[in-house]
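A.B. asks: Input work_2.csv, format and content: CSV, C-alpha atoms.
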chain,number,residue,atom,x,y,z
A,1,MET,CA,19.0,91.5,10.8
A,2,LYS,CA,20.5,94.2,13.0
A,3,LYS,CA,21.7,96.1,9.9
A,4,ILE,CA,18.3,95.8,8.3
A,5,LEU,CA,16.6,97.3,11.4
A,6,LEU,CA,19.1,100.2,11.6
A,7,SER,CA,18.7,100.9,7.9
A,8,LEU,CA,15.0,101.0,8.2
A,9,GLY,CA,15.2,103.4,11.1
A,10,ALA,CA,17.5,105.7,9.2
A,11,ALA,CA,15.2,105.6,6.2
A,12,PHE,CA,12.2,106.6,8.3
A,13,LEU,CA,14.1,109.5,9.8
A,14,LEU,CA,15.5,110.7,6.4
A,15,ALA,CA,12.0,110.5,4.9
A,16,ALA,CA,10.7,112.5,7.8
A,17,GLY,CA,13.3,115.2,7.2
A,18,ALA,CA,11.9,115.8,3.8
A,19,GLN,CA,8.5,116.7,5.1
A,20,ALA,CA,7.3,120.2,6.2
A,21,GLN,CA,6.7,121.0,9.8
A,22,VAL,CA,8.3,117.8,11.0
A,23,SER,CA,9.6,117.8,14.5
A,24,TYR,CA,11.9,115.4,16.4
A,25,GLY,CA,12.0,114.1,19.9
A,26,ILE,CA,13.6,111.8,22.4
A,27,LYS,CA,12.1,110.0,25.3
A,28,ALA,CA,13.5,107.6,28.0
A,29,GLY,CA,12.3,105.9,31.1
A,30,LEU,CA,11.4,102.7,33.0
A,31,ASN,CA,10.3,99.4,31.5
A,32,LEU,CA,8.5,96.8,33.6
A,33,GLY,CA,8.6,93.6,31.6
A,34,LYS,CA,7.0,90.1,31.8
A,35,ILE,CA,7.0,87.2,29.4
A,36,SER,CA,3.5,85.8,28.8
A,37,PHE,CA,3.0,82.1,28.2
A,38,SER,CA,0.3,80.3,26.1
A,39,GLU,CA,-0.5,77.8,28.9
A,40,ASP,CA,-1.9,78.9,32.2
A,41,LEU,CA,0.7,78.9,35.0
A,42,SER,CA,0.1,77.2,38.3
A,43,ASP,CA,-1.0,79.5,41.1
A,44,GLU,CA,2.4,79.0,42.8
A,45,TYR,CA,4.2,80.0,39.6
A,46,LYS,CA,1.9,83.1,39.1
A,47,ASP,CA,2.6,84.2,42.7
A,48,ALA,CA,6.4,84.0,42.0
A,49,GLU,CA,6.2,86.1,38.8
A,50,LYS,CA,7.3,89.7,39.2
A,51,MET,CA,7.8,92.7,36.9
A,52,ASN,CA,11.3,92.8,35.6
A,53,PRO,CA,12.7,96.4,35.7
A,54,SER,CA,14.8,97.8,32.8
A,55,PHE,CA,14.9,100.9,30.7
A,56,TYR,CA,14.2,102.3,27.2
A,57,VAL,CA,15.5,105.1,25.0
A,58,THR,CA,13.7,106.2,21.9
A,59,GLY,CA,14.3,108.7,19.2
A,60,PHE,CA,11.4,109.6,17.0
A,61,ALA,CA,10.1,112.0,14.3
A,62,ASP,CA,6.7,113.5,14.4
A,63,ILE,CA,5.1,113.9,10.9
A,64,PRO,CA,1.8,115.8,10.8
A,65,VAL,CA,-0.7,114.3,8.4
A,66,ALA,CA,-3.9,116.1,9.5
A,67,PRO,CA,-4.9,118.6,12.2
A,68,SER,CA,-4.1,117.0,15.6
A,69,PHE,CA,-3.0,113.8,14.0
A,70,SER,CA,0.6,112.6,13.2
A,71,ILE,CA,2.7,109.6,12.4
A,72,GLN,CA,5.7,108.9,14.6
A,73,PRO,CA,8.3,106.5,13.3
A,74,GLY,CA,11.4,106.0,15.4
A,75,ILE,CA,14.2,103.8,16.6
A,76,SER,CA,14.4,102.5,20.1
A,77,LEU,CA,16.6,100.6,22.5
A,78,GLN,CA,14.4,98.4,24.7
A,79,GLY,CA,15.1,96.4,27.8
A,80,LYS,CA,12.6,93.5,28.3
A,81,GLY,CA,12.4,90.2,30.1
A,82,SER,CA,10.8,88.6,33.1
A,83,LYS,CA,11.5,87.8,36.8
A,84,PHE,CA,10.5,85.1,39.2
A,85,LYS,CA,11.1,85.3,43.0
A,86,VAL,CA,10.3,82.8,45.7
A,87,SER,CA,10.8,82.7,49.4
A,88,GLU,CA,10.1,80.1,52.1
A,89,GLY,CA,11.1,80.5,55.7
A,90,GLY,CA,14.5,82.2,55.7
A,91,ASP,CA,15.4,81.0,52.2
A,92,SER,CA,14.8,82.9,49.0
A,93,GLY,CA,15.7,82.8,45.3
A,94,SER,CA,15.1,84.6,42.1
A,95,GLN,CA,15.6,84.1,38.4
A,96,SER,CA,15.5,86.9,35.8
A,97,THR,CA,15.6,87.0,32.1
A,98,ASN,CA,17.0,90.2,30.6
A,99,VAL,CA,16.8,91.0,26.9
A,100,MET,CA,18.0,94.1,25.1
A,101,SER,CA,16.5,94.8,21.7
A,102,ILE,CA,16.6,97.3,18.9
A,103,GLU,CA,13.1,98.2,17.8
A,104,ILE,CA,11.5,100.3,15.1
A,105,PRO,CA,8.0,101.5,16.2
A,106,VAL,CA,5.6,103.4,13.8
A,107,ASN,CA,2.8,105.0,15.9
A,108,ALA,CA,-0.2,106.9,14.9
A,109,VAL,CA,-0.8,109.7,17.4
A,110,TYR,CA,-3.8,111.9,18.1
A,111,SER,CA,-3.4,115.1,20.2
A,112,ILE,CA,-6.2,116.8,22.2
A,113,PRO,CA,-5.5,120.4,23.4
A,114,ALA,CA,-5.8,120.6,27.2
A,115,GLY,CA,-4.6,123.4,29.5
A,116,PRO,CA,-1.0,124.6,28.7
A,117,GLY,CA,-0.4,121.7,26.4
A,118,SER,CA,-2.1,118.7,24.9
A,119,VAL,CA,-3.0,115.1,25.8
A,120,PHE,CA,-1.9,112.5,23.2
A,121,LEU,CA,-3.0,109.0,22.5
A,122,GLY,CA,-1.4,106.6,20.1
A,123,ALA,CA,-0.9,103.1,18.9
A,124,GLY,CA,1.0,101.3,16.2
A,125,PRO,CA,3.1,98.3,15.2
A,126,TYR,CA,6.8,97.6,16.1
A,127,VAL,CA,9.4,95.2,14.9
A,128,GLY,CA,12.5,94.4,17.0
A,129,TYR,CA,15.6,92.2,17.2
A,130,ALA,CA,17.4,91.1,20.3
A,131,VAL,CA,21.0,92.2,20.4
A,132,SER,CA,21.9,90.8,23.8
A,133,GLY,CA,20.5,88.8,26.7
A,134,LYS,CA,21.3,87.2,30.0
A,135,TYR,CA,19.8,84.8,32.5
A,136,LYS,CA,20.6,85.5,36.1
A,137,TRP,CA,20.0,83.4,39.3
A,138,GLU,CA,20.4,84.5,42.9
A,139,ALA,CA,19.7,82.4,46.0
A,140,ASN,CA,20.0,82.8,49.8
A,141,ILE,CA,19.8,79.4,51.4
A,142,GLY,CA,20.7,78.8,55.0
A,143,GLY,CA,22.3,82.2,55.2
A,144,GLU,CA,24.6,81.5,52.3
A,145,LYS,CA,24.3,83.6,49.2
A,146,GLU,CA,24.9,82.3,45.7
A,147,SER,CA,24.5,83.8,42.2
A,148,ASP,CA,25.2,82.9,38.6
A,149,ASP,CA,24.4,84.0,35.1
A,150,ALA,CA,24.5,82.9,31.5
A,151,LYS,CA,24.2,84.5,28.1
A,152,ILE,CA,21.0,83.9,26.2
A,153,ASP,CA,21.7,82.2,22.8
A,154,PHE,CA,19.6,83.7,20.0
A,155,SER,CA,21.1,81.7,17.1
A,156,GLY,CA,21.8,78.1,16.1
A,157,ASP,CA,19.8,74.9,16.4
A,158,ASP,CA,19.9,74.9,20.2
A,159,LYS,CA,19.1,78.5,20.7
A,160,ASP,CA,17.4,79.6,23.9
A,161,MET,CA,15.1,82.3,22.5
A,162,ASN,CA,14.0,83.7,19.1
A,163,ALA,CA,15.7,87.0,18.4
A,164,PHE,CA,12.9,88.5,16.2
A,165,ASP,CA,10.0,90.2,17.9
A,166,ALA,CA,7.0,92.1,16.6
A,167,GLY,CA,3.8,93.5,18.2
A,168,ILE,CA,1.7,96.5,18.9
A,169,ASN,CA,2.5,99.6,21.0
A,170,PHE,CA,-0.1,101.6,22.9
A,171,LEU,CA,0.9,105.0,24.3
A,172,ALA,CA,-0.6,108.0,26.2
A,173,GLY,CA,0.7,111.1,27.8
A,174,TYR,CA,0.8,114.9,28.1
A,175,LYS,CA,3.0,117.3,26.2
A,176,LEU,CA,3.6,120.9,27.3
A,177,ALA,CA,3.8,123.8,24.9
A,178,ASN,CA,7.6,124.0,25.3
A,179,GLY,CA,7.9,120.4,24.1
A,180,PHE,CA,8.4,118.6,27.5
A,181,LEU,CA,6.4,115.4,27.6
A,182,ILE,CA,5.3,112.8,30.1
A,183,ASN,CA,4.3,109.4,28.7
A,184,ALA,CA,3.2,105.9,29.5
A,185,GLY,CA,2.9,102.9,27.2
A,186,TYR,CA,2.3,99.2,26.8
A,187,GLY,CA,4.0,96.9,24.4
A,188,LEU,CA,2.0,93.8,23.4
A,189,GLY,CA,4.3,91.2,21.8
A,190,LEU,CA,2.7,89.0,19.2
A,191,SER,CA,5.8,87.0,18.1
A,192,ASN,CA,6.6,83.6,19.6
A,193,LEU,CA,9.9,83.8,21.6
A,194,THR,CA,10.1,80.0,22.1
A,195,PRO,CA,12.3,78.2,19.6
A,196,LYS,CA,10.9,75.3,17.6
A,197,ASN,CA,13.3,72.9,19.3
A,198,ASP,CA,11.8,73.8,22.7
A,199,ALA,CA,8.5,72.9,24.3
A,200,ASP,CA,5.1,73.5,22.6
A,201,VAL,CA,4.4,76.4,25.0
A,202,LYS,CA,4.5,79.7,23.2
A,203,SER,CA,5.8,82.9,24.9
A,204,SER,CA,5.8,86.6,24.1
A,205,HIS,CA,6.9,89.9,25.6
A,206,ARG,CA,4.7,92.2,27.7
A,207,VAL,CA,6.1,95.6,28.7
A,208,LEU,CA,4.6,98.5,30.7
A,209,SER,CA,6.6,101.7,30.4
A,210,PHE,CA,6.8,105.1,32.0
A,211,GLY,CA,9.0,108.0,31.0
A,212,ILE,CA,9.7,111.6,30.1
A,213,GLY,CA,11.0,113.2,27.0
A,214,PHE,CA,11.3,116.3,24.8
A,215,GLN,CA,10.0,117.1,21.4
A,216,PHE,CA,12.0,119.8,19.6
Go through the file and emit its structure as structure tokens.
C.D. replies:
Amino acid sequence: MKKILLSLGAAFLLAAGAQAQVSYGIKAGLNLGKISFSEDLSDEYKDAEKMNPSFYVTGFADIPVAPSFSIQPGISLQGKGSKFKVSEGGDSGSQSTNVMSIEIPVNAVYSIPAGPGSVFLGAGPYVGYAVSGKYKWEANIGGEKESDDAKIDFSGDDKDMNAFDAGINFLAGYKLANGFLINAGYGLGLSNLTPKNDADVKSSHRVLSFGIGFQF
């Protein structure tokens, strides 16, 4: 599956290179991830849920198809996951789920001239595949600190999580005339991350992102 994703990304970029007025760019920044569940969480569980910080790096091609409108295929390394943190008295504990995925987004982007640059808005689908993952636990009980971690298993009959992911990206930002850009985005996962051998509760990624980049 990883080879398929990489091949698709390369095909997008090669196809883009054959077009006129195509430009390329790179962007990177902060991801704040959560994992959404199909069943409502208890109030106590909701209060414990926090945004899990990670990062992303994306390379993309910008292919103009009409005035102020372009298609941006790309390939991206995305950190996702979730975090829960509780505290009571002097004791505290946290559990985080960290997933690193390779994704291929294809966004439709509309640009609006504004000042020395342009505002851009976009949306589009993405497909991804998890290449690594880890659970991590930390606790401070009675002044004693403990921690542990374990790899997330994405294969086999007893896997912890489905590796395949797909969903919709939403993005917005501002690009200066020299190519420097500031952007924000939201990734809405639509694939179920919960394996069939697990509970009936479905889960999916949610990611809020902020970053900077440059379009050549």
A.B. asks: Give me the residues within 12 Å of A:Gly79 as a PyMOL selection string, counting all atoms listed in the file and dropping any in the same chain fewer than 2 places off.
C.D. replies: chain A and resi 28-34+52-58+76-77+81-82+97-103+128-134+187+205-209
A.B. asks: Would you write out those residues with C-alpha atoms, as a PDB file, in the coordinates of the input?
C.D. replies:
ATOM      1  CA  ALA A  28      13.500 107.600  28.000  1.00  0.00           C
ATOM      2  CA  GLY A  29      12.300 105.900  31.100  1.00  0.00           C
ATOM      3  CA  LEU A  30      11.400 102.700  33.000  1.00  0.00           C
ATOM      4  CA  ASN A  31      10.300  99.400  31.500  1.00  0.00           C
ATOM      5  CA  LEU A  32       8.500  96.800  33.600  1.00  0.00           C
ATOM      6  CA  GLY A  33       8.600  93.600  31.600  1.00  0.00           C
ATOM      7  CA  LYS A  34       7.000  90.100  31.800  1.00  0.00           C
ATOM      8  CA  ASN A  52      11.300  92.800  35.600  1.00  0.00           C
ATOM      9  CA  PRO A  53      12.700  96.400  35.700  1.00  0.00           C
ATOM     10  CA  SER A  54      14.800  97.800  32.800  1.00  0.00           C
ATOM     11  CA  PHE A  55      14.900 100.900  30.700  1.00  0.00           C
ATOM     12  CA  TYR A  56      14.200 102.300  27.200  1.00  0.00           C
ATOM     13  CA  VAL A  57      15.500 105.100  25.000  1.00  0.00           C
ATOM     14  CA  THR A  58      13.700 106.200  21.900  1.00  0.00           C
ATOM     15  CA  SER A  76      14.400 102.500  20.100  1.00  0.00           C
ATOM     16  CA  LEU A  77      16.600 100.600  22.500  1.00  0.00           C
ATOM     17  CA  GLY A  81      12.400  90.200  30.100  1.00  0.00           C
ATOM     18  CA  SER A  82      10.800  88.600  33.100  1.00  0.00           C
ATOM     19  CA  THR A  97      15.600  87.000  32.100  1.00  0.00           C
ATOM     20  CA  ASN A  98      17.000  90.200  30.600  1.00  0.00           C
ATOM     21  CA  VAL A  99      16.800  91.000  26.900  1.00  0.00           C
ATOM     22  CA  MET A 100      18.000  94.100  25.100  1.00  0.00           C
ATOM     23  CA  SER A 101      16.500  94.800  21.700  1.00  0.00           C
ATOM     24  CA  ILE A 102      16.600  97.300  18.900  1.00  0.00           C
ATOM     25  CA  GLU A 103      13.100  98.200  17.800  1.00  0.00           C
ATOM     26  CA  GLY A 128      12.500  94.400  17.000  1.00  0.00           C
ATOM     27  CA  TYR A 129      15.600  92.200  17.200  1.00  0.00           C
ATOM     28  CA  ALA A 130      17.400  91.100  20.300  1.00  0.00           C
ATOM     29  CA  VAL A 131      21.000  92.200  20.400  1.00  0.00           C
ATOM     30  CA  SER A 132      21.900  90.800  23.800  1.00  0.00           C
ATOM     31  CA  GLY A 133      20.500  88.800  26.700  1.00  0.00           C
ATOM     32  CA  LYS A 134      21.300  87.200  30.000  1.00  0.00           C
ATOM     33  CA  GLY A 187       4.000  96.900  24.400  1.00  0.00           C
ATOM     34  CA  HIS A 205       6.900  89.900  25.600  1.00  0.00           C
ATOM     35  CA  ARG A 206       4.700  92.200  27.700  1.00  0.00           C
ATOM     36  CA  VAL A 207       6.100  95.600  28.700  1.00  0.00           C
ATOM     37  CA  LEU A 208       4.600  98.500  30.700  1.00  0.00           C
ATOM     38  CA  SER A 209       6.600 101.700  30.400  1.00  0.00           C
TER      39      SER A 209
END
A.B. asks: For each of A:Gly122, A:Gly115, A:Gly156, A:Gly25, take the minimum atom-to-atom distance to A:Ser70, counting all atoms listed in the file, then give the residue where this is smallest.
C.D. replies: A:Gly122
A.B. asks: Closest to A:Lys80 among A:Ala114, A:Ile35, A:Ala177, A:Ala108, using all atoms listed in the file?
C.D. replies: A:Ile35
A.B. asks: Using all atoms listed in the file, which of the listed residues (A:Ile168, A:Ile182, A:Ala61, A:Val127) sits closest to A:Ile104?
C.D. replies: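 Of A:Ile168, A:Ile182, A:Ala61, A:Val127, the one nearest A:Ile104 is A:Val127, counting all atoms listed in the file.
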A.B. asks: Using atom CA of A:Gly213 and atom CA of A:Ala163 as the two end points, give the distance in Å to one decimal.
C.D. replies: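 Going from atom CA of A:Gly213 over to atom CA of A:Ala163 covers 28.0 Å.
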A.B. asks: From the list A:Val109, A:Ile141, A:Ile71, A:Leu193, which residue is nearest A:Leu171 when using only C-alpha atoms?
C.D. replies: A:Val109
A.B. asks: Of the candidates A:Asn169, A:Ser94, A:Ser111, A:Ser87, which shows the shortest atom-to-atom distance to A:Pro67, using all atoms listed in the file?
C.D. replies: A:Ser111
A.B. asks: One decimal, Å: what's the distance from atom CA of A:Trp137 over to atom CA of A:Ser191, could you say?
C.D. replies: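 Computing it gives 25.8 Å between the two atoms.
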A.B. asks: For atom CA of A:Gly143 and atom CA of A:Val86, determine how far apart the two atoms are, in Å to one decimal place.
C.D. replies: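 So the answer is 15.3 Å.
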A.B. asks: For A:Lys83, which residue among A:Phe180, A:Tyr135, A:Tyr186, A:Phe164 is the nearest when counting only C-alpha atoms?
C.D. replies: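 Selected residue with least distance to A:Lys83: A:Tyr135.
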A.B. asks: Show me, as a PyMOL selection string, the residues that have an atom within 6 Å of A:Gly74 when counting all atoms listed in the file, minus same-chain residues fewer than 6 positions from it.
C.D. replies: chain A and resi 59-60+104-105
A.B. asks: Considering all atoms listed in the file, return as a list of chain:residue names whatever protein or nucleic-acid residues lie within 10 Å of A:Lys145, sequence-local ones (same chain, fewer than 5 positions apart) excluded.
C.D. replies: A:Asp91, A:Ser92, A:Gly93, A:Glu138, A:Ala139, A:Asn140
